[in-house]
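Asker: Right, I'll just put the structure down here and ask away after.
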Amino acid sequence: MVVENRDLAAGTVLTGRYKRKRYVCTVLESEGVKAYSLEDGSIHRSPSAAAGKLMGGASVNGWR
């Protein structure tokens, strides 16, 4: 499912599947700046950067 409203509130949980495994990404916000945290504790500047990490560095549209 594509995320259409990209103004996600802090605490929003995004989930996705890749190679039959479910992944969770949580939206964080500090001083008006959003970040995206994966379950391993890594922090990313966008859902695309987070998804790319999960896919071995591939260029990915994390909003999809």
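Residues are referred to by chain and number: the chain letter is A, B, ... according to the order shown in the structure tokens, the number counts from 1 in that chain, and ligands are numbered separately from 1 in the order shown.
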Please provide the set of residues having any atom within 10 Å of Glu29 (chain A), restricted to only C-alpha atoms, with same-chain residues fewer than 2 positions apart removed, written as a list in words.
Answerer: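 Selected residues are Leu8, Ala9, Ala10, Gly11, Val27, Glu31, Gly32, Val33, Lys34, Ala35 and Tyr36 of chain A.
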Asker: For N, CA and C atoms, I'd like the residues from the last selection saved as a compact mmCIF listing (two decimals), in the first residue's frame.
Answerer:
```txt
# COMPACT_ATOMS: atom_id res chain seq x y z
N LEU A 8 3.41 12.27 8.33
CA LEU A 8 3.12 11.27 9.35
C LEU A 8 3.45 11.79 10.75
N ALA A 9 2.58 11.51 11.68
CA ALA A 9 2.80 11.93 13.07
C ALA A 9 3.85 11.04 13.73
N ALA A 10 4.59 11.63 14.67
CA ALA A 10 5.55 10.86 15.46
C ALA A 10 4.80 9.71 16.12
N GLY A 11 5.41 8.55 16.13
CA GLY A 11 4.79 7.37 16.72
C GLY A 11 4.07 6.50 15.71
N VAL A 27 8.01 6.24 13.04
CA VAL A 27 8.29 7.64 12.76
C VAL A 27 8.68 8.33 14.07
N GLU A 31 12.40 18.28 17.52
CA GLU A 31 12.57 19.68 17.11
C GLU A 31 12.08 19.91 15.67
N GLY A 32 10.97 19.28 15.32
CA GLY A 32 10.38 19.46 14.00
C GLY A 32 11.00 18.67 12.88
N VAL A 33 12.02 17.87 13.19
CA VAL A 33 12.69 17.06 12.17
C VAL A 33 12.26 15.62 12.33
N LYS A 34 11.80 15.02 11.24
CA LYS A 34 11.35 13.63 11.28
C LYS A 34 12.47 12.68 10.94
N ALA A 35 12.41 11.50 11.54
CA ALA A 35 13.35 10.43 11.26
C ALA A 35 12.57 9.12 11.32
N TYR A 36 13.18 8.06 10.84
CA TYR A 36 12.51 6.78 10.72
C TYR A 36 13.41 5.71 11.32
```
Asker: Running DSSP on the backbone, which parts of chain A land in strand (DSSP E), as a PyMOL selection string?
Answerer: chain A and resi 13-18+21-30+33-38+43-44
Asker: Name the residues of chain A that fall into helix (DSSP H, G or I) according to DSSP on the backbone, using the chain letters and numbers of this document, as a list in words.
Answerer: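 Taking chain A and keeping helix (DSSP H, G or I) only, one gets Pro47, Ser48, Ala49, Ala50, Ala51, Gly52, Lys53 and Leu54 of chain A.
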Asker: Restricting the output to C-alpha atoms, write the selected residues as a short mmCIF file (atom, residue, chain, number, x, y, z; two decimals), in the first residue's frame.
Answerer:
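See out34.cif below for the written result:
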```cif
data_model
loop_
_atom_site.label_atom_id
_atom_site.label_comp_id
_atom_site.auth_asym_id
_atom_site.auth_seq_id
_atom_site.Cartn_x
_atom_site.Cartn_y
_atom_site.Cartn_z
CA PRO A 47 11.38 5.75 4.60
CA SER A 48 13.31 5.20 1.37
CA ALA A 49 16.65 5.24 3.20
CA ALA A 50 15.28 2.80 5.78
CA ALA A 51 13.94 0.47 3.08
CA GLY A 52 17.22 0.67 1.20
CA LYS A 53 19.09 -0.54 4.28
CA LEU A 54 16.80 -3.53 4.53
#
```
Asker: What is the distance, in Å and to one decimal place, between CA of Arg20 (chain A) and CA of Ser37 (chain A)?
Answerer: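 Taking CA of Arg20 (chain A) as the start and CA of Ser37 (chain A) as the end point, the length is 20.4 Å.
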Asker: How many Å separate CA of Ser46 (chain A) from CA of Gly62 (chain A)?
Answerer: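 Distance between the two atoms: 7.6 Å.
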